[in-house]
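Shown below: run.pdb, with PDB, C-alpha atoms.
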MODEL        1
ATOM      1  CA  MET D   7    -153.164   6.866  19.409
ATOM      2  CA  LEU D   8    -151.936   3.512  20.707
ATOM      3  CA  LEU D   9    -152.432   4.706  24.254
ATOM      4  CA  ILE D  10    -156.170   5.243  23.858
ATOM      5  CA  PRO D  11    -158.258   2.132  24.719
ATOM      6  CA  ASP D  12    -160.478   0.737  21.987
ATOM      7  CA  SER D  13    -163.702   1.303  23.923
ATOM      8  CA  VAL D  14    -162.925   5.023  24.279
ATOM      9  CA  VAL D  15    -162.263   5.342  20.557
ATOM     10  CA  ARG D  16    -165.535   3.575  19.811
ATOM     11  CA  PHE D  17    -167.415   5.861  22.235
ATOM     12  CA  PHE D  18    -166.191   8.998  20.454
ATOM     13  CA  HIS D  19    -166.910   7.509  17.034
ATOM     14  CA  ARG D  20    -170.483   6.816  18.023
ATOM     15  CA  MET D  21    -170.897  10.223  19.704
ATOM     16  CA  ALA D  22    -169.898  11.876  16.420
ATOM     17  CA  SER D  23    -173.008  10.337  14.851
ATOM     18  CA  PRO D  24    -175.867  12.872  15.210
ATOM     19  CA  PRO D  25    -178.792  10.491  15.964
ATOM     20  CA  HIS D  26    -176.685   8.634  18.505
ATOM     21  CA  PHE D  27    -175.595  11.880  20.164
ATOM     22  CA  TYR D  28    -179.199  13.080  20.326
ATOM     23  CA  ALA D  29    -180.483   9.897  21.956
ATOM     24  CA  PHE D  30    -177.528   9.538  24.313
ATOM     25  CA  THR D  31    -177.716  13.119  25.649
ATOM     26  CA  GLU D  32    -181.440  12.685  26.250
ATOM     27  CA  ARG D  33    -180.756   9.699  28.522
ATOM     28  CA  LEU D  34    -177.866  11.541  30.190
ATOM     29  CA  MET D  35    -179.863  14.664  31.100
ATOM     30  CA  PRO D  36    -181.725  13.458  34.249
ATOM     31  CA  TRP D  37    -178.457  12.174  35.765
ATOM     32  CA  LEU D  38    -176.638  15.441  35.093
ATOM     33  CA  THR D  39    -179.563  17.392  36.556
ATOM     34  CA  VAL D  40    -179.651  15.366  39.785
ATOM     35  CA  ILE D  41    -175.875  15.694  40.350
ATOM     36  CA  PHE D  42    -176.067  19.419  39.556
ATOM     37  CA  LEU D  43    -178.890  20.035  42.053
ATOM     38  CA  LEU D  44    -177.154  18.066  44.829
ATOM     39  CA  LEU D  45    -173.853  19.944  44.340
ATOM     40  CA  THR D  46    -175.638  23.312  44.228
ATOM     41  CA  ALA D  47    -177.673  22.592  47.365
ATOM     42  CA  ALA D  48    -174.559  21.485  49.277
ATOM     43  CA  GLY D  49    -172.497  24.416  47.989
ATOM     44  CA  LEU D  50    -175.106  27.057  48.834
ATOM     45  CA  TYR D  51    -175.807  25.549  52.270
ATOM     46  CA  GLY D  52    -172.105  25.560  53.046
ATOM     47  CA  GLY D  53    -171.466  28.996  51.584
ATOM     48  CA  LEU D  54    -174.494  30.964  52.747
ATOM     49  CA  TYR D  55    -175.187  29.262  56.085
ATOM     50  CA  LEU D  56    -172.303  27.180  57.473
ATOM     51  CA  ALA D  57    -169.309  29.331  56.520
ATOM     52  CA  PRO D  58    -168.563  32.158  58.974
ATOM     53  CA  PRO D  59    -168.579  35.822  57.882
ATOM     54  CA  ASP D  60    -165.233  37.197  56.671
ATOM     55  CA  TYR D  61    -163.261  39.038  59.354
ATOM     56  CA  GLN D  62    -162.780  42.066  57.067
ATOM     57  CA  GLN D  63    -165.665  41.934  54.590
ATOM     58  CA  GLY D  64    -168.466  40.597  56.797
ATOM     59  CA  ASP D  65    -171.213  38.802  54.885
ATOM     60  CA  SER D  66    -170.601  40.677  51.615
ATOM     61  CA  TYR D  67    -167.857  38.189  50.723
ATOM     62  CA  ARG D  68    -170.545  35.492  50.203
ATOM     63  CA  ILE D  69    -170.853  36.821  46.651
ATOM     64  CA  ILE D  70    -167.611  34.855  46.113
ATOM     65  CA  TYR D  71    -169.591  31.596  45.811
ATOM     66  CA  ILE D  72    -171.052  32.677  42.481
ATOM     67  CA  HIS D  73    -168.528  35.308  41.394
ATOM     68  CA  VAL D  74    -165.379  33.181  41.410
ATOM     69  CA  PRO D  75    -166.889  29.965  39.954
ATOM     70  CA  SER D  76    -168.549  32.071  37.191
ATOM     71  CA  ALA D  77    -165.253  33.784  36.380
ATOM     72  CA  TRP D  78    -163.487  30.387  36.264
ATOM     73  CA  MET D  79    -166.198  29.037  33.971
ATOM     74  CA  SER D  80    -165.989  32.070  31.677
ATOM     75  CA  LEU D  81    -162.332  31.180  30.977
ATOM     76  CA  PHE D  82    -162.823  27.394  30.948
ATOM     77  CA  ILE D  83    -165.725  27.508  28.490
ATOM     78  CA  TYR D  84    -163.814  29.849  26.182
ATOM     79  CA  VAL D  85    -160.931  27.380  25.979
ATOM     80  CA  VAL D  86    -163.337  24.465  25.363
ATOM     81  CA  MET D  87    -165.051  26.499  22.645
ATOM     82  CA  ALA D  88    -161.730  27.297  20.940
ATOM     83  CA  ILE D  89    -160.558  23.657  21.109
ATOM     84  CA  ALA D  90    -163.884  22.319  19.790
ATOM     85  CA  GLY D  91    -163.745  24.972  17.073
ATOM     86  CA  ALA D  92    -160.219  23.901  16.104
ATOM     87  CA  ILE D  93    -161.278  20.227  15.959
ATOM     88  CA  GLY D  94    -164.182  21.200  13.705
ATOM     89  CA  LEU D  95    -161.870  23.299  11.546
ATOM     90  CA  ILE D  96    -159.248  20.580  11.106
ATOM     91  CA  TRP D  97    -161.284  17.354  10.943
ATOM     92  CA  ARG D  98    -164.624  18.792   9.800
ATOM     93  CA  ILE D  99    -166.495  16.998  12.585
ATOM     94  CA  LYS D 100    -169.987  18.467  12.658
ATOM     95  CA  LEU D 101    -170.556  17.734  16.342
ATOM     96  CA  ALA D 102    -167.367  19.564  17.315
ATOM     97  CA  GLU D 103    -168.667  22.625  15.458
ATOM     98  CA  ILE D 104    -171.965  22.317  17.300
ATOM     99  CA  VAL D 105    -170.292  21.968  20.716
ATOM    100  CA  ALA D 106    -168.220  25.080  19.941
ATOM    101  CA  ILE D 107    -171.148  27.323  19.031
ATOM    102  CA  SER D 108    -173.393  25.888  21.765
ATOM    103  CA  SER D 109    -170.765  26.817  24.363
ATOM    104  CA  ALA D 110    -170.820  30.508  23.413
ATOM    105  CA  PRO D 111    -174.115  31.617  25.037
ATOM    106  CA  VAL D 112    -173.335  29.663  28.221
ATOM    107  CA  GLY D 113    -169.862  31.240  28.401
ATOM    108  CA  ALA D 114    -171.310  34.686  27.719
ATOM    109  CA  GLY D 115    -173.825  34.102  30.531
ATOM    110  CA  PHE D 116    -171.083  33.210  33.021
ATOM    111  CA  THR D 117    -168.963  36.190  31.921
ATOM    112  CA  PHE D 118    -171.958  38.480  32.430
ATOM    113  CA  ILE D 119    -172.599  36.973  35.900
ATOM    114  CA  ALA D 120    -168.918  37.388  36.837
ATOM    115  CA  LEU D 121    -168.991  41.064  35.796
ATOM    116  CA  VAL D 122    -172.312  41.922  37.493
ATOM    117  CA  THR D 123    -171.593  40.072  40.745
ATOM    118  CA  GLY D 124    -168.100  41.598  40.786
ATOM    119  CA  SER D 125    -169.678  45.022  40.455
ATOM    120  CA  LEU D 126    -172.115  44.246  43.290
ATOM    121  CA  TRP D 127    -169.165  43.146  45.424
ATOM    122  CA  GLY D 128    -166.963  46.080  44.399
ATOM    123  CA  LYS D 129    -169.476  48.750  45.387
ATOM    124  CA  PRO D 130    -169.549  48.006  49.148
ATOM    125  CA  MET D 131    -165.842  46.999  49.321
ATOM    126  CA  TRP D 132    -164.074  49.440  46.971
ATOM    127  CA  GLY D 133    -166.758  52.133  46.884
ATOM    128  CA  ALA D 134    -167.108  51.881  43.103
ATOM    129  CA  TRP D 135    -169.336  49.804  40.805
ATOM    130  CA  TRP D 136    -166.669  49.753  38.119
ATOM    131  CA  VAL D 137    -163.013  50.689  37.669
ATOM    132  CA  TRP D 138    -160.950  50.373  34.473
ATOM    133  CA  ASP D 139    -158.662  47.905  36.154
ATOM    134  CA  ALA D 140    -156.754  45.286  34.088
ATOM    135  CA  ARG D 141    -158.748  42.315  35.433
ATOM    136  CA  LEU D 142    -162.136  43.946  34.922
ATOM    137  CA  THR D 143    -161.297  45.334  31.481
ATOM    138  CA  SER D 144    -159.925  42.046  30.129
ATOM    139  CA  GLU D 145    -162.996  40.194  31.447
ATOM    140  CA  LEU D 146    -165.224  42.746  29.684
ATOM    141  CA  ILE D 147    -163.299  42.079  26.439
ATOM    142  CA  LEU D 148    -164.047  38.371  26.980
ATOM    143  CA  LEU D 149    -167.768  39.177  27.027
ATOM    144  CA  PHE D 150    -167.384  41.052  23.716
ATOM    145  CA  LEU D 151    -165.495  38.082  22.223
ATOM    146  CA  TYR D 152    -168.353  35.750  23.182
ATOM    147  CA  LEU D 153    -170.910  38.180  21.747
ATOM    148  CA  GLY D 154    -168.783  38.463  18.591
ATOM    149  CA  VAL D 155    -168.813  34.683  18.180
ATOM    150  CA  ILE D 156    -172.605  34.530  18.631
ATOM    151  CA  GLY D 157    -173.196  37.460  16.264
ATOM    152  CA  LEU D 158    -170.851  36.155  13.565
ATOM    153  CA  TYR D 159    -172.461  32.720  13.628
ATOM    154  CA  GLY D 160    -175.907  34.250  13.267
ATOM    155  CA  ALA D 161    -174.832  36.521  10.411
ATOM    156  CA  ILE D 162    -173.719  33.692   8.073
ATOM    157  CA  ASP D 163    -176.516  31.538   6.650
ATOM    158  CA  ASP D 164    -174.401  28.533   5.619
ATOM    159  CA  LYS D 165    -173.707  27.036   9.049
ATOM    160  CA  ARG D 166    -170.641  25.065   7.923
ATOM    161  CA  VAL D 167    -169.049  28.293   6.716
ATOM    162  CA  ALA D 168    -170.262  30.094   9.845
ATOM    163  CA  SER D 169    -168.596  27.447  12.037
ATOM    164  CA  LYS D 170    -165.262  27.976  10.273
ATOM    165  CA  ALA D 171    -165.433  31.740  10.748
ATOM    166  CA  VAL D 172    -166.434  31.371  14.392
ATOM    167  CA  ALA D 173    -163.616  28.891  15.098
ATOM    168  CA  ILE D 174    -161.008  31.303  13.725
ATOM    169  CA  LEU D 175    -162.406  34.201  15.776
ATOM    170  CA  ALA D 176    -162.459  32.000  18.908
ATOM    171  CA  LEU D 177    -158.856  30.864  18.330
ATOM    172  CA  VAL D 178    -157.584  34.415  17.869
ATOM    173  CA  GLY D 179    -159.405  35.446  21.061
ATOM    174  CA  VAL D 180    -157.577  32.793  23.118
ATOM    175  CA  VAL D 181    -154.769  35.359  23.518
ATOM    176  CA  ASN D 182    -157.059  37.147  25.999
ATOM    177  CA  ILE D 183    -157.255  34.134  28.356
ATOM    178  CA  PRO D 184    -153.725  34.312  29.861
ATOM    179  CA  ILE D 185    -154.083  38.101  29.957
ATOM    180  CA  ILE D 186    -157.156  37.759  32.197
ATOM    181  CA  HIS D 187    -155.528  35.108  34.353
ATOM    182  CA  TYR D 188    -152.250  36.954  34.940
ATOM    183  CA  SER D 189    -153.698  40.483  34.923
ATOM    184  CA  VAL D 190    -153.652  40.639  38.737
ATOM    185  CA  GLU D 191    -149.922  39.809  38.724
ATOM    186  CA  TRP D 192    -148.732  41.756  35.684
ATOM    187  CA  TRP D 193    -150.420  45.016  36.605
ATOM    188  CA  ASN D 194    -151.174  46.788  39.845
ATOM    189  CA  THR D 195    -154.868  46.148  40.143
ATOM    190  CA  LEU D 196    -157.575  47.037  42.588
ATOM    191  CA  HIS D 197    -158.879  43.497  42.061
ATOM    192  CA  GLN D 198    -157.386  41.188  44.665
ATOM    193  CA  GLY D 199    -154.813  38.578  43.707
ATOM    194  CA  PRO D 200    -155.424  34.829  43.601
ATOM    195  CA  THR D 201    -156.496  33.267  46.904
ATOM    196  CA  VAL D 202    -157.334  29.707  45.910
ATOM    197  CA  THR D 203    -154.735  28.750  43.298
ATOM    198  CA  LYS D 204    -151.822  29.525  45.609
ATOM    199  CA  MET D 205    -151.679  25.849  46.445
ATOM    200  CA  ASP D 206    -148.656  26.048  48.728
ATOM    201  CA  LYS D 207    -150.529  28.309  51.121
ATOM    202  CA  PRO D 208    -154.123  29.032  50.104
ATOM    203  CA  SER D 209    -155.210  32.185  51.928
ATOM    204  CA  ILE D 210    -158.777  30.981  52.410
ATOM    205  CA  HIS D 211    -160.103  28.943  55.321
ATOM    206  CA  VAL D 212    -161.265  25.390  54.594
ATOM    207  CA  SER D 213    -164.862  26.145  55.743
ATOM    208  CA  MET D 214    -165.006  28.765  52.972
ATOM    209  CA  LEU D 215    -162.970  26.789  50.443
ATOM    210  CA  ILE D 216    -165.118  23.623  50.383
ATOM    211  CA  PRO D 217    -168.388  25.393  49.406
ATOM    212  CA  LEU D 218    -166.424  27.355  46.789
ATOM    213  CA  LEU D 219    -165.121  24.147  45.208
ATOM    214  CA  LEU D 220    -168.612  22.580  45.390
ATOM    215  CA  MET D 221    -170.042  25.580  43.514
ATOM    216  CA  ALA D 222    -167.232  25.344  40.951
ATOM    217  CA  LEU D 223    -168.192  21.684  40.318
ATOM    218  CA  SER D 224    -171.884  22.566  40.239
ATOM    219  CA  PHE D 225    -171.234  25.202  37.542
ATOM    220  CA  LYS D 226    -169.252  22.638  35.508
ATOM    221  CA  LEU D 227    -172.313  20.378  35.570
ATOM    222  CA  TYR D 228    -174.525  23.333  34.689
ATOM    223  CA  TYR D 229    -172.323  24.070  31.678
ATOM    224  CA  LEU D 230    -172.725  20.486  30.459
ATOM    225  CA  ILE D 231    -176.505  20.654  30.837
ATOM    226  CA  ALA D 232    -176.972  24.074  29.195
ATOM    227  CA  MET D 233    -174.450  23.413  26.416
ATOM    228  CA  LEU D 234    -176.021  20.030  25.582
ATOM    229  CA  GLN D 235    -179.509  21.560  25.495
ATOM    230  CA  ARG D 236    -178.240  24.122  22.945
ATOM    231  CA  ALA D 237    -176.367  21.440  21.019
ATOM    232  CA  ARG D 238    -179.479  19.253  20.717
ATOM    233  CA  THR D 239    -181.504  22.164  19.325
ATOM    234  CA  GLU D 240    -178.721  23.233  16.974
ATOM    235  CA  LEU D 241    -178.254  19.654  15.756
ATOM    236  CA  LEU D 242    -181.940  19.224  14.878
ATOM    237  CA  MET D 243    -181.988  22.518  12.999
ATOM    238  CA  ARG D 244    -178.855  21.686  11.011
ATOM    239  CA  GLU D 245    -180.012  18.153  10.199
ATOM    240  CA  ARG D 246    -183.609  19.103   9.428
ATOM    241  CA  ASN D 247    -183.568  17.410   6.009
ATOM    242  CA  SER D 248    -182.013  14.148   7.153
ATOM    243  CA  GLN D 249    -184.080  11.011   7.576
ATOM    244  CA  TRP D 250    -183.569  10.613  11.338
ATOM    245  CA  VAL D 251    -184.855  14.144  12.084
ATOM    246  CA  ARG D 252    -187.837  13.711   9.736
ATOM    247  CA  THR D 253    -188.755  10.453  11.479
ATOM    248  CA  MET D 254    -188.351  12.075  14.888
ATOM    249  CA  VAL D 255    -190.554  15.024  13.947
ATOM    250  CA  LEU D 256    -193.335  12.598  12.972
ATOM    251  CA  GLU D 257    -192.941  10.548  16.153
ATOM    252  CA  ASN D 258    -193.008  13.732  18.204
ATOM    253  CA  GLU D 259    -196.354  14.673  16.633
ATOM    254  CA  GLN D 260    -198.117  11.579  17.960
TER
ATOM    255  CA  MET J   8    -179.082  32.648  63.687
ATOM    256  CA  THR J   9    -182.655  33.756  63.041
ATOM    257  CA  VAL J  10    -184.262  33.795  59.598
ATOM    258  CA  GLN J  11    -184.231  37.625  59.604
ATOM    259  CA  GLU J  12    -180.525  37.669  60.422
ATOM    260  CA  PHE J  13    -179.842  35.239  57.603
ATOM    261  CA  PHE J  14    -181.640  37.369  55.029
ATOM    262  CA  ALA J  15    -180.098  40.591  56.364
ATOM    263  CA  MET J  16    -176.602  39.296  55.433
ATOM    264  CA  GLY J  17    -174.983  41.535  58.017
ATOM    265  CA  GLY J  18    -176.305  44.659  56.271
ATOM    266  CA  TYR J  19    -175.198  43.572  52.793
ATOM    267  CA  ALA J  20    -178.573  42.028  51.846
ATOM    268  CA  PHE J  21    -179.028  44.201  48.738
ATOM    269  CA  TYR J  22    -175.622  43.349  47.239
ATOM    270  CA  VAL J  23    -175.617  39.644  48.118
ATOM    271  CA  TRP J  24    -179.194  38.837  47.091
ATOM    272  CA  THR J  25    -179.068  40.934  43.906
ATOM    273  CA  ALA J  26    -175.909  39.048  42.904
ATOM    274  CA  TYR J  27    -177.579  35.668  43.537
ATOM    275  CA  GLY J  28    -180.783  36.821  41.809
ATOM    276  CA  VAL J  29    -179.004  37.970  38.642
ATOM    277  CA  ALA J  30    -177.062  34.691  38.484
ATOM    278  CA  LEU J  31    -180.278  32.673  38.914
ATOM    279  CA  ILE J  32    -182.072  34.557  36.116
ATOM    280  CA  VAL J  33    -179.187  34.196  33.637
ATOM    281  CA  LEU J  34    -178.658  30.492  34.428
ATOM    282  CA  ILE J  35    -182.360  29.644  34.105
ATOM    283  CA  ALA J  36    -182.669  31.621  30.840
ATOM    284  CA  ASN J  37    -179.765  29.721  29.283
ATOM    285  CA  ILE J  38    -181.597  26.418  29.888
ATOM    286  CA  ILE J  39    -185.147  27.524  29.008
ATOM    287  CA  ILE J  40    -184.310  29.323  25.728
ATOM    288  CA  PRO J  41    -182.816  26.327  23.836
ATOM    289  CA  VAL J  42    -185.546  23.975  25.109
ATOM    290  CA  VAL J  43    -188.323  26.341  23.956
ATOM    291  CA  GLN J  44    -186.560  26.844  20.602
ATOM    292  CA  ARG J  45    -186.386  23.071  20.107
ATOM    293  CA  LYS J  46    -190.113  22.635  20.822
ATOM    294  CA  GLN J  47    -190.984  25.470  18.405
ATOM    295  CA  PHE J  48    -188.736  23.976  15.747
ATOM    296  CA  LEU J  49    -190.297  20.511  16.092
ATOM    297  CA  ARG J  50    -193.796  21.982  15.776
ATOM    298  CA  ARG J  51    -192.841  24.038  12.699
ATOM    299  CA  GLN J  52    -191.185  21.079  11.015
ATOM    300  CA  ALA J  53    -194.168  18.854  11.691
ATOM    301  CA  SER J  54    -196.542  21.196   9.897
ATOM    302  CA  LYS J  55    -194.022  21.626   7.045
ATOM    303  CA  GLN J  56    -193.645  17.885   6.555
ATOM    304  CA  LYS J  57    -197.389  17.331   6.337
ATOM    305  CA  ARG J  58    -197.623  19.607   3.301
TER
ENDMDL
END
Now that the file is in, can you turn its structure into structure tokens?
Amino acid sequence: MLLIPDSVVRFFHRMASPPHFYAFTERLMPWLTVIFLLLTAAGLYGGLYLAPPDYQQGDSYRIIYIHVPSAWMSLFIYVVMAIAGAIGLIWRIKLAEIVAISSAPVGAGFTFIALVTGSLWGKPMWGAWWVWDARLTSELILLFLYLGVIGLYGAIDDKRVASKAVAILALVGVVNIPIIHYSVEWWNTLHQGPTVTKMDKPSIHVSMLIPLLLMALSFKLYYLIAMLQRARTELLMRERNSQWVRTMVLENEQ
Amino acid sequence: MTVQEFFAMGGYAFYVWTAYGVALIVLIANIIIPVVQRKQFLRRQASKQKR
């Protein structure tokens, strides 16, 4: 605790206050949107236009620029959701609970995109839309975990209780994350092994790697935007009887 | 490269553009849905508070 500067501690204390969080994220949104659009434009220009076709896969490999960043995000968001859930569980911080549940639909969206784009890439390259391969199956289980979290949260009316239940489910599901990551090494899979994370000798050319990393950053920004939009809605609904929401509702009317 | 060549994607147009299209739809939906829900909620609450 001594290592954390005072200003950082104060920032998090203030962010845990609902009205402050609501106002701050509203001011943050245009900045996030501009950075997101710039990264996406640069990434797509580099990936779809500048990068050469693959010597084996031709232009079909260009699906990589959404497939791989989406798959990365599906894992990243799950871990964030589980950590936020744990923080909510242990310290009863309402905003941590809200960040956890607001991450679920965004993570489910990325998991769905990873599965569909993988299928659309698999058909021309492997000759099959789907195979029950370890990587594909564990990623499908991830989608069900996300849907389980969303469904469980919706099924319990008391949202503080719902957040507890959801956090426990999310934490149990974390076991699936290393399984997905290492599936291509532990089992013989049709899915290709890692190309980017082999840092000693990445087997991808730099003209293809840069747009891929730009898209990965762009999707991180997207996650922030989409998750915060959910969180703002969820926060208003949960705090509907508090004074700051009642005042805001009246101001919004005018 | 001509515009036609670009959109043809070396014969993989269907797979590449469907993949990008699906991603676009999902990503846009995940932004629009919470924003619309928030507007609906604010309207509902406003009429509730007047009563």
Quick one: distance from atom CA of Tyr229 of chain D to atom CA of Tyr28 of chain D in Å, one decimal?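 It comes out at 17.2 Å.
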Find the residues of chain J in contact range of chain D, meaning any atom within 8 Å when counting all atoms listed in the file, and list them as an MDAnalysis selection string. chainID J and resid 13 16:19 22:23 25:27 29:30 33:34 37:38 41:42 44:45 48:50 52:53 56
Evaluate the PyMOL selection byres ((chain D and resi 217) around 10) against this structure - the residues, as a list of chain:residue names, please.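 Those residues are D:Leu45, D:Thr46, D:Ala47, D:Ala48, D:Gly49, D:Leu50, D:Tyr51, D:Gly52, D:Gly53, D:Leu54, D:Leu56, D:Ala57, D:Tyr71, D:Val212, D:Ser213, D:Met214, D:Leu215, D:Ile216, D:Leu218, D:Leu219, D:Leu220, D:Met221, D:Ala222, D:Leu223.
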How many Å lie between atom CA of Ala161 of chain D and atom CA of Phe27 of chain D, rounded to one decimal?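 It comes out at 26.5 Å.
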Can you tell me how far atom CA of Ser248 of chain D sits from atom CA of Val14 of chain D, in Å to one decimal?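 Straight-line distance from atom CA of Ser248 of chain D to atom CA of Val14 of chain D works out to 27.2 Å.
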Could you expand the PyMOL selection byres ((chain D and resi 166) around 10) into the explicit residues it covers here, written as a list in words?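 Evaluating the PyMOL selection byres ((chain D and resi 166) around 10) on these coordinates yields Gly94, Leu95, Arg98, Lys100, Glu103, Ile104, Tyr159, Ile162, Asp163, Asp164, Lys165, Val167, Ala168, Ser169, Lys170, Ala171, Val172 and Arg244 of chain D.
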Residues proximal to (-167.8, 23.7, 26.3) were defined as those with any atom within 9 Å of that point in the file's coordinates, counting only C-alpha atoms. Which are they, as an mmCIF file with C-alpha atoms, in the frame of the given file?
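That gives us point-v4.cif:
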data_model
loop_
_atom_site.group_PDB
_atom_site.id
_atom_site.type_symbol
_atom_site.label_atom_id
_atom_site.label_comp_id
_atom_site.auth_asym_id
_atom_site.auth_seq_id
_atom_site.Cartn_x
_atom_site.Cartn_y
_atom_site.Cartn_z
ATOM 1 C CA PHE D 82 -162.823 27.394 30.948
ATOM 2 C CA ILE D 83 -165.725 27.508 28.490
ATOM 3 C CA TYR D 84 -163.814 29.849 26.182
ATOM 4 C CA VAL D 85 -160.931 27.380 25.979
ATOM 5 C CA VAL D 86 -163.337 24.465 25.363
ATOM 6 C CA MET D 87 -165.051 26.499 22.645
ATOM 7 C CA ALA D 88 -161.730 27.297 20.940
ATOM 8 C CA ILE D 89 -160.558 23.657 21.109
ATOM 9 C CA ALA D 90 -163.884 22.319 19.790
ATOM 10 C CA VAL D 105 -170.292 21.968 20.716
ATOM 11 C CA ALA D 106 -168.220 25.080 19.941
ATOM 12 C CA ILE D 107 -171.148 27.323 19.031
ATOM 13 C CA SER D 108 -173.393 25.888 21.765
ATOM 14 C CA SER D 109 -170.765 26.817 24.363
ATOM 15 C CA ALA D 110 -170.820 30.508 23.413
ATOM 16 C CA VAL D 112 -173.335 29.663 28.221
ATOM 17 C CA GLY D 113 -169.862 31.240 28.401
ATOM 18 C CA TYR D 229 -172.323 24.070 31.678
ATOM 19 C CA LEU D 230 -172.725 20.486 30.459
ATOM 20 C CA MET D 233 -174.450 23.413 26.416
#
Taking the partial coordinates given, rebuild segment 15-33 of chain J to contain N, CA and C atoms; return it as a compact mmCIF listing (two decimals), in the frame of the given file.
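Written file, selection_23.txt:
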# COMPACT_ATOMS: atom_id res chain seq x y z
N ALA J 15 -180.70 39.26 56.26
CA ALA J 15 -180.10 40.59 56.36
C ALA J 15 -178.65 40.58 55.88
N MET J 16 -177.98 39.43 55.91
CA MET J 16 -176.60 39.30 55.43
C MET J 16 -175.69 40.37 56.03
N GLY J 17 -175.85 40.59 57.32
CA GLY J 17 -174.98 41.54 58.02
C GLY J 17 -175.02 42.93 57.42
N GLY J 18 -176.17 43.32 56.85
CA GLY J 18 -176.30 44.66 56.27
C GLY J 18 -176.01 44.71 54.79
N TYR J 19 -175.54 43.59 54.22
CA TYR J 19 -175.20 43.57 52.79
C TYR J 19 -176.27 42.88 51.96
N ALA J 20 -177.50 42.79 52.51
CA ALA J 20 -178.57 42.03 51.85
C ALA J 20 -178.74 42.43 50.39
N PHE J 21 -178.79 43.75 50.11
CA PHE J 21 -179.03 44.20 48.74
C PHE J 21 -177.98 43.64 47.78
N TYR J 22 -176.70 43.78 48.14
CA TYR J 22 -175.62 43.35 47.24
C TYR J 22 -175.61 41.83 47.07
N VAL J 23 -175.70 41.11 48.18
CA VAL J 23 -175.62 39.64 48.12
C VAL J 23 -176.80 39.06 47.35
N TRP J 24 -178.02 39.47 47.71
CA TRP J 24 -179.19 38.84 47.09
C TRP J 24 -179.39 39.28 45.65
N THR J 25 -179.00 40.52 45.32
CA THR J 25 -179.07 40.93 43.91
C THR J 25 -178.10 40.08 43.09
N ALA J 26 -176.90 39.86 43.61
CA ALA J 26 -175.91 39.05 42.90
C ALA J 26 -176.47 37.64 42.64
N TYR J 27 -177.04 37.02 43.70
CA TYR J 27 -177.58 35.67 43.54
C TYR J 27 -178.79 35.67 42.60
N GLY J 28 -179.60 36.73 42.67
CA GLY J 28 -180.78 36.82 41.81
C GLY J 28 -180.41 36.93 40.34
N VAL J 29 -179.45 37.80 40.03
CA VAL J 29 -179.00 37.97 38.64
C VAL J 29 -178.47 36.64 38.10
N ALA J 30 -177.64 35.97 38.91
CA ALA J 30 -177.06 34.69 38.48
C ALA J 30 -178.18 33.69 38.19
N LEU J 31 -179.17 33.62 39.08
CA LEU J 31 -180.28 32.67 38.91
C LEU J 31 -181.02 32.93 37.61
N ILE J 32 -181.31 34.21 37.32
CA ILE J 32 -182.07 34.56 36.12
C ILE J 32 -181.29 34.16 34.86
N VAL J 33 -180.00 34.50 34.82
CA VAL J 33 -179.19 34.20 33.64
C VAL J 33 -179.08 32.67 33.44
